[in-house]
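The structure appears right after this line, and notes come after that.
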Amino acid sequence: MEEWPFHDGNIHNLLDGRHIDIRQNCRDVDHSLQMHSSVIRRFALEEELEGHQSCVNAIAWNSSGTLLISGSDDARINIWGYSGRKLLHSIETGHSANIFCTKFIPETSDELVVSGAGDAEVRLFNLSRLNGRGLHDGATTPSALYQCHTRRVKKLAVEVGNPNVVWSASEDGTLRQHDFREGTSCPPARSSQQECRNVLLDLRCGAKRSLADPPKHTLALKSCDISSTRPHLLLVGGNDAFARLYDRRMLPPLTSCRKRMSPPTCVNYFCPMHLSDRGRSSLHLTHVTFSPNGEEVLLSYSGEHVYLMDINHASGSVMQYSSGDVSELMTFTPVPNRREHQPSVSSFFQNGLQKRSNTAARVEKCRMLVEIAKRSLEERTNIFHAIEACNEVLDGNNGDIGPSLRHECLCTRAALLLQRKWKNDAHMAVRDCRDARRIDNSSFRAHYCMAEALEQLGKHKEALNFAVAAQCLSPFDTMVAEKVENLNKQLAVAEAEKNNKASEGSPKSEPRAGRVLSLSDILYRTEGNSDASQDGPRSDREDSDYDEELELDFETSISGDEGHDVESNMLHGSLNLRIHRRGDAIRETGPNGSCGSPSLPSQNKKSAYQPEAVIDMKQRYIGHCNVGTDIKQASFLGQRGEYVASGSDDGRWFIWEKRTGRLIKMLLGDGAVVNCVQCHPFDCFVATSGIDSTIKLWCPTAAVPSMVAGGSTGPETSNVLEAMESNQRKLCRNREAILPFELLERLRMHEFSEGSLHPFECAQS
């Protein structure tokens with residue numbers, strides 16, 4: 001299929017412009033040159049850094065890009081030199097579990113580094129004390145040791161220009177602020193002496209099952225970030241669908257963990273609309289981050305895609321929605337035709353010169369791309385590339401095209417998405433049909449595609465309403481007549497089954513004390529990942545106010561001695577579980593009443609909960625797979641952040657154009673899973689890591705630009721589509737093996753009798 005250029009243009013023109021136009025800001029040109037599509041397509045593996053003995057879970061650059069820090073399952077922190085690609089320091093941290101996060105502390109001449117780990121500890125190290133020591137001279141005494149978390153520390157954040165504070169996000173539901181000036185240690189969690197007043201965010205009652213539900217469960221934090229341009233802004237994500245943006249200036253004073261606090265008011269919630277009402281306990285974020293300019297955020301979901309959102313929103317923007325908008329999106333209501341926004345006059349000018357000819361050329365290119373997409377739709381071939389062609393028109397040139405061409409492209413893309421049937425494609429088709437109906441409320445194609453999309457989502461009653469509307473618009477169309485007939489039959493069958501169940505009588509619910517769930521029930525809960533099953537009604541159990549919490553302690557290993565199968569990309573490991581009631585943990589605390597497990601605040605059932613408004617997605621990035629680990633990152637590439645990258649469970653990592661979501665590059669970077677992708681602050685250079693014990697370094701050294709490139713772990717397939725379709729199948733499996741972090745969430749949501757609460761072990765493979 002014919003290709004078209006990316007939006008950053010031709011790199012030769014960019015270089016020529018730097019010399020010809022002396023008024024042009026050379027710094028802006030240099031920023032554009034750091035990451036450019038033409039050099040990204042030449043990315044290849046330059047070198048592998050060897051020095052760890054197990055999975056490398058965290059990598060980060062210092063502010064100048066001269067050093068790279070890494071943390072691993074081997075409980076070591078390694079410091080690498082960028083210029084010589086050499087290991088400079090290897091710190092035996094003393095952590096008793098996997099290191100998940102590590103950072104350089106700003107403005108300390110890169111002498112202070114910090115780590116967080118699965119042992120719930122945060123440790124600070126001074127590199128200047130390592131002078132004269134060998135690389136493997138034994139354990140290093142930390143300069144500060146914070147033991148106040150009760151669950152794994154998954155992410156650390158630092159503030160640009162602040163050498164005194166580090167923030168830690170933990171699965172215990174708290175985000176803590178550690179100030180090195182106030183103390184270098186704290187008593188262990190749950191000890192009788194603990195009174196650490198360092199809790200900045202208490203979200204132990206902050207998780208939401210869906211947008212309409214009030215927060216009342218522990219939000220196990222997985223990720224956090226502080227804006228580099230507005231450091232008072234703090235972004236967090238955890239084990240629900242919603243990322244939260246806080247203004248640190250508006251938060252209450254630091255508190256201790258002895259008493260659970262109500263979750264503080266946040267500035268914004270972020271969540272794609274189609275994920276906001278799922279009610280799935282396993283849906284959670286693995287990474288959240290700000291864009292370099294601080295105007296956008298990137299969210300990566302487990303079992304889902306990567307999504308881009310805007311931070312700054314005018315109230316009432318189409319990108320913002322409330323609880324009622326979710327159901328309204330799929331409900332048939334007559335909509336008035338809306339005048340399409342036309343580009344302002346100033347958009348046609350640059351340096352005082354009118355650019356109508358360029359605009360006309362872009363419009364003509366858009367018409368050509370729409371024709372290519374329509375031809376693919378008719379022939380049912382090259383569906384993926386046809387969708388990318390529509391993305392180019394709608395997301396890359398939206399300001400140039402008129403309402404007629406936009407409507408045609410929206411309907412074409414909706415039909416293509418319904419043919420492809422990748423995860424959430426039906427939801428994206430619903431959005432396109434809504435936008436097409438706003439342009440032309442008498443559009444047959446928009447109504448028919450909406451009916452098809454809703455049918456794929458299992459919304460048969462809503463689908464019938466749109467199908468009937470389409471039939472009214474085109475009474476003699478046999479295709480829509482058949483659609484109406486089929487939907488009526490499906491509704492009749494569903495109604496008959498409902499009446500049969502009612503006549504037979506529903507079985508009495510089992511008494512609570514007699515219910516015992518097997519491990520298989522928990523691991524393979526009937527909760528399919530298909531769009532239809534996810535949008536079904538939640539059970540009475542999920543809607544009830546009752547929530548008897550369970551605590552689960554586990555030890556897991558998916559690397560090192562256990563190993564993995566490279567051919568099948570299956571991880572082998574072990575999982576040891578110890579289950580006990582939340583009440584048992586309370587009884588285990590000392591007489592002084594430590595903060596181990598404070599009780600949940602009671603819910604006032606009479607007061608109606610008012611759901612907050614949420615910011616919707618503006619772009620999604622697909623093709624990768626994120627189900628195997630809960631530390632998988634999604635990152636902006638370049639100082640302008642014009643590209644997005646993510647690791648994947650198939651050992652690859654992906655690079656997309658941020659504006660259109662178009663795939664630029666797919667590289668093989670690990671024998672099993674790529675978790676971390678970190679771009680150099682200034683150079684066209686990327687470091688990645690994952691299940692392998694090595695760190696991969698990438699730069700544009702390939703002789704020929706392409707969409708794929710091989711790595712040290714083996715030759716890369718040239719069939720990009722085949723790799724992405726394989727990842728989509730993994731995302732859409734209904735009974736996928738649940739890894740420990742997902743198992744924790746599922747265990748906590750289930751009811752157990754006293755007799756079923758006993759320790760057990762299971763093997764995870």
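Simple scheme: letters A, B, ... for chains in structure tokens order, numbers from 1 for residues in each chain, numbers from 1 for ligands in the order shown.
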
What are the nearest atom pairs, with distances in Å to one decimal, for all residues of stretch 381-496 of chain A that come at most 10 Å from stretch 358-362 of chain A, using only C-alpha atoms, set out by chain and rising residue number as a tab-separated table?
```
residue	atom	partner	partner_atom	distance
A:Val393	CA	A:Arg362	CA	9.2
A:Asn397	CA	A:Arg362	CA	7.5
A:Gly399	CA	A:Thr359	CA	9.6
A:Asp400	CA	A:Thr359	CA	6.5
A:Ile401	CA	A:Arg362	CA	8.5
```

> Leaving out stretch 220-223 of chain A and any residue of its chain fewer than 3 positions from it, which residues lie within 7 Å of it when counting only C-alpha atoms, given as a PyMOL selection string?
Replying inline: chain A and resi 154-155+169-173+236-239+285-288

Non-local contacts of A:Ser635 (9 Å; only C-alpha atoms; under 2 positions in same chain excluded) as a PDB file with all heavy atoms, in the first residue's frame:
```
ATOM      1  N   HIS A 287       1.569   2.702  34.125  1.00  0.00           N
ATOM      2  CA  HIS A 287       2.493   3.841  34.015  1.00  0.00           C
ATOM      3  C   HIS A 287       1.718   5.101  33.663  1.00  0.00           C
ATOM      4  O   HIS A 287       0.779   5.066  32.857  1.00  0.00           O
ATOM      5  CB  HIS A 287       3.543   3.577  32.939  1.00  0.00           C
ATOM      6  CG  HIS A 287       4.682   4.559  32.957  1.00  0.00           C
ATOM      7  ND1 HIS A 287       5.651   4.565  33.925  1.00  0.00           N
ATOM      8  CD2 HIS A 287       4.996   5.576  32.123  1.00  0.00           C
ATOM      9  CE1 HIS A 287       6.525   5.531  33.687  1.00  0.00           C
ATOM     10  NE2 HIS A 287       6.142   6.157  32.601  1.00  0.00           N
ATOM     11  N   VAL A 288       2.111   6.212  34.280  1.00  0.00           N
ATOM     12  CA  VAL A 288       1.578   7.536  33.945  1.00  0.00           C
ATOM     13  C   VAL A 288       2.753   8.488  33.845  1.00  0.00           C
ATOM     14  O   VAL A 288       3.725   8.376  34.603  1.00  0.00           O
ATOM     15  CB  VAL A 288       0.564   8.040  35.000  1.00  0.00           C
ATOM     16  CG1 VAL A 288      -0.644   7.118  35.072  1.00  0.00           C
ATOM     17  CG2 VAL A 288       1.206   8.161  36.384  1.00  0.00           C
ATOM     18  N   THR A 289       2.684   9.443  32.915  1.00  0.00           N
ATOM     19  CA  THR A 289       3.794  10.394  32.768  1.00  0.00           C
ATOM     20  C   THR A 289       3.319  11.672  32.092  1.00  0.00           C
ATOM     21  O   THR A 289       2.350  11.653  31.324  1.00  0.00           O
ATOM     22  CB  THR A 289       4.944   9.768  31.952  1.00  0.00           C
ATOM     23  OG1 THR A 289       6.073  10.633  31.958  1.00  0.00           O
ATOM     24  CG2 THR A 289       4.537   9.505  30.516  1.00  0.00           C
ATOM     25  N   PHE A 290       3.987  12.773  32.398  1.00  0.00           N
ATOM     26  CA  PHE A 290       3.741  14.054  31.739  1.00  0.00           C
ATOM     27  C   PHE A 290       4.546  14.135  30.446  1.00  0.00           C
ATOM     28  O   PHE A 290       5.616  13.532  30.324  1.00  0.00           O
ATOM     29  CB  PHE A 290       4.176  15.218  32.637  1.00  0.00           C
ATOM     30  CG  PHE A 290       3.271  15.489  33.798  1.00  0.00           C
ATOM     31  CD1 PHE A 290       3.574  15.004  35.061  1.00  0.00           C
ATOM     32  CD2 PHE A 290       2.114  16.239  33.647  1.00  0.00           C
ATOM     33  CE1 PHE A 290       2.764  15.260  36.148  1.00  0.00           C
ATOM     34  CE2 PHE A 290       1.283  16.509  34.721  1.00  0.00           C
ATOM     35  CZ  PHE A 290       1.609  16.014  35.977  1.00  0.00           C
ATOM     36  N   SER A 291       4.045  14.920  29.503  1.00  0.00           N
ATOM     37  CA  SER A 291       4.819  15.240  28.306  1.00  0.00           C
ATOM     38  C   SER A 291       5.911  16.236  28.678  1.00  0.00           C
ATOM     39  O   SER A 291       5.847  16.887  29.727  1.00  0.00           O
ATOM     40  CB  SER A 291       3.902  15.838  27.233  1.00  0.00           C
ATOM     41  OG  SER A 291       3.350  17.068  27.692  1.00  0.00           O
ATOM     42  N   LEU A 298       0.337  10.750  29.418  1.00  0.00           N
ATOM     43  CA  LEU A 298       0.317   9.465  28.725  1.00  0.00           C
ATOM     44  C   LEU A 298      -0.004   8.390  29.754  1.00  0.00           C
ATOM     45  O   LEU A 298       0.628   8.335  30.817  1.00  0.00           O
ATOM     46  CB  LEU A 298       1.670   9.205  28.078  1.00  0.00           C
ATOM     47  CG  LEU A 298       1.763   8.188  26.939  1.00  0.00           C
ATOM     48  CD1 LEU A 298       0.890   8.603  25.757  1.00  0.00           C
ATOM     49  CD2 LEU A 298       3.213   8.034  26.497  1.00  0.00           C
ATOM     50  N   GLN A 633       6.240   0.569  30.922  1.00  0.00           N
ATOM     51  CA  GLN A 633       6.202   2.010  30.732  1.00  0.00           C
ATOM     52  C   GLN A 633       5.688   2.382  29.346  1.00  0.00           C
ATOM     53  O   GLN A 633       5.775   1.608  28.395  1.00  0.00           O
ATOM     54  CB  GLN A 633       7.604   2.600  30.903  1.00  0.00           C
ATOM     55  CG  GLN A 633       8.214   2.406  32.264  1.00  0.00           C
ATOM     56  CD  GLN A 633       9.634   2.945  32.343  1.00  0.00           C
ATOM     57  OE1 GLN A 633      10.212   3.374  31.346  1.00  0.00           O
ATOM     58  NE2 GLN A 633      10.205   2.929  33.539  1.00  0.00           N
ATOM     59  N   LEU A 637       9.198  10.432  23.457  1.00  0.00           N
ATOM     60  CA  LEU A 637      10.551  10.476  22.925  1.00  0.00           C
ATOM     61  C   LEU A 637      10.854  11.873  22.408  1.00  0.00           C
ATOM     62  O   LEU A 637      10.041  12.474  21.708  1.00  0.00           O
ATOM     63  CB  LEU A 637      10.726   9.459  21.791  1.00  0.00           C
ATOM     64  CG  LEU A 637      10.491   7.975  22.115  1.00  0.00           C
ATOM     65  CD1 LEU A 637      10.881   7.114  20.924  1.00  0.00           C
ATOM     66  CD2 LEU A 637      11.250   7.540  23.355  1.00  0.00           C
ATOM     67  N   GLY A 641       8.659  15.721  22.613  1.00  0.00           N
ATOM     68  CA  GLY A 641       7.683  14.681  22.906  1.00  0.00           C
ATOM     69  C   GLY A 641       6.763  14.374  21.751  1.00  0.00           C
ATOM     70  O   GLY A 641       5.572  14.089  21.945  1.00  0.00           O
ATOM     71  N   TYR A 643       6.863  11.844  19.748  1.00  0.00           N
ATOM     72  CA  TYR A 643       6.728  10.408  19.495  1.00  0.00           C
ATOM     73  C   TYR A 643       6.454   9.699  20.813  1.00  0.00           C
ATOM     74  O   TYR A 643       6.834  10.181  21.888  1.00  0.00           O
ATOM     75  CB  TYR A 643       7.992   9.857  18.824  1.00  0.00           C
ATOM     76  CG  TYR A 643       8.367  10.641  17.596  1.00  0.00           C
ATOM     77  CD1 TYR A 643       9.294  11.682  17.680  1.00  0.00           C
ATOM     78  CD2 TYR A 643       7.749  10.404  16.383  1.00  0.00           C
ATOM     79  CE1 TYR A 643       9.605  12.447  16.576  1.00  0.00           C
ATOM     80  CE2 TYR A 643       8.061  11.161  15.264  1.00  0.00           C
ATOM     81  CZ  TYR A 643       8.982  12.183  15.368  1.00  0.00           C
ATOM     82  OH  TYR A 643       9.274  12.949  14.278  1.00  0.00           O
ATOM     83  N   VAL A 644       5.813   8.566  20.729  1.00  0.00           N
ATOM     84  CA  VAL A 644       5.428   7.781  21.899  1.00  0.00           C
ATOM     85  C   VAL A 644       5.997   6.381  21.739  1.00  0.00           C
ATOM     86  O   VAL A 644       5.970   5.809  20.638  1.00  0.00           O
ATOM     87  CB  VAL A 644       3.896   7.727  22.046  1.00  0.00           C
ATOM     88  CG1 VAL A 644       3.474   6.707  23.095  1.00  0.00           C
ATOM     89  CG2 VAL A 644       3.347   9.112  22.389  1.00  0.00           C
ATOM     90  N   ALA A 645       6.524   5.824  22.831  1.00  0.00           N
ATOM     91  CA  ALA A 645       7.104   4.477  22.788  1.00  0.00           C
ATOM     92  C   ALA A 645       6.598   3.656  23.962  1.00  0.00           C
ATOM     93  O   ALA A 645       6.266   4.194  25.020  1.00  0.00           O
ATOM     94  CB  ALA A 645       8.630   4.545  22.820  1.00  0.00           C
ATOM     95  N   SER A 646       6.535   2.341  23.761  1.00  0.00           N
ATOM     96  CA  SER A 646       6.126   1.429  24.828  1.00  0.00           C
ATOM     97  C   SER A 646       6.767   0.072  24.612  1.00  0.00           C
ATOM     98  O   SER A 646       6.977  -0.358  23.472  1.00  0.00           O
ATOM     99  CB  SER A 646       4.600   1.276  24.864  1.00  0.00           C
ATOM    100  OG  SER A 646       4.209   0.266  25.787  1.00  0.00           O
ATOM    101  N   CYS A 676      10.855  -1.226  30.161  1.00  0.00           N
ATOM    102  CA  CYS A 676      11.300   0.158  30.309  1.00  0.00           C
ATOM    103  C   CYS A 676      11.827   0.712  28.989  1.00  0.00           C
ATOM    104  O   CYS A 676      12.606   0.047  28.303  1.00  0.00           O
ATOM    105  CB  CYS A 676      12.401   0.261  31.363  1.00  0.00           C
ATOM    106  SG  CYS A 676      11.955  -0.442  32.958  1.00  0.00           S
ATOM    107  N   VAL A 677      11.412   1.933  28.659  1.00  0.00           N
ATOM    108  CA  VAL A 677      11.903   2.652  27.480  1.00  0.00           C
ATOM    109  C   VAL A 677      12.208   4.080  27.919  1.00  0.00           C
ATOM    110  O   VAL A 677      11.303   4.808  28.325  1.00  0.00           O
ATOM    111  CB  VAL A 677      10.866   2.662  26.337  1.00  0.00           C
ATOM    112  CG1 VAL A 677      11.420   3.415  25.135  1.00  0.00           C
ATOM    113  CG2 VAL A 677      10.463   1.247  25.956  1.00  0.00           C
ATOM    114  N   GLN A 678      13.475   4.470  27.868  1.00  0.00           N
ATOM    115  CA  GLN A 678      13.875   5.793  28.318  1.00  0.00           C
ATOM    116  C   GLN A 678      14.733   6.480  27.264  1.00  0.00           C
ATOM    117  O   GLN A 678      15.789   5.983  26.884  1.00  0.00           O
ATOM    118  CB  GLN A 678      14.645   5.695  29.632  1.00  0.00           C
ATOM    119  CG  GLN A 678      13.790   5.321  30.827  1.00  0.00           C
ATOM    120  CD  GLN A 678      12.769   6.392  31.163  1.00  0.00           C
ATOM    121  OE1 GLN A 678      13.111   7.566  31.307  1.00  0.00           O
ATOM    122  NE2 GLN A 678      11.514   5.994  31.283  1.00  0.00           N
ATOM    123  N   CYS A 679      14.270   7.638  26.822  1.00  0.00           N
ATOM    124  CA  CYS A 679      14.975   8.412  25.799  1.00  0.00           C
ATOM    125  C   CYS A 679      16.046   9.285  26.444  1.00  0.00           C
ATOM    126  O   CYS A 679      15.853   9.843  27.528  1.00  0.00           O
ATOM    127  CB  CYS A 679      13.974   9.285  25.044  1.00  0.00           C
ATOM    128  SG  CYS A 679      14.690  10.277  23.731  1.00  0.00           S
TER     129      CYS A 679
END
```

> Excluding same-chain residues fewer than 6 positions from A:Ala467, what lies within 9 Å of it counting only C-alpha atoms, as a PyMOL selection string?
Replying inline: chain A and resi 447-452+480-481+483-484+487

>> Taking only C-alpha atoms into account, name the residue in A:Lys216, A:Arg181, A:Lys618, A:His232 that is nearest to A:Arg260.
In response: A:Lys216

>> Between atom CA of A:Gly324 and atom CA of A:Gln610, what is the distance in Å, rounded to a tenth?
In response: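 So the two atoms, atom CA of A:Gly324 and atom CA of A:Gln610, lie 11.0 Å apart.
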
>> Here is a test: counting only C-alpha atoms, which residue of A:Leu491, A:Leu275, A:Ala373, A:Ala446 is nearest to A:Ala470?
In response: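 With only C-alpha atoms as the atom set, the closest residue is A:Ala446.
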
>> What does the structure give for the distance between atom CA of A:Asp119 and atom CA of A:Pro187, in Å to one decimal?
In response: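 About the pair atom CA of A:Asp119 and atom CA of A:Pro187: they are 14.2 Å apart.
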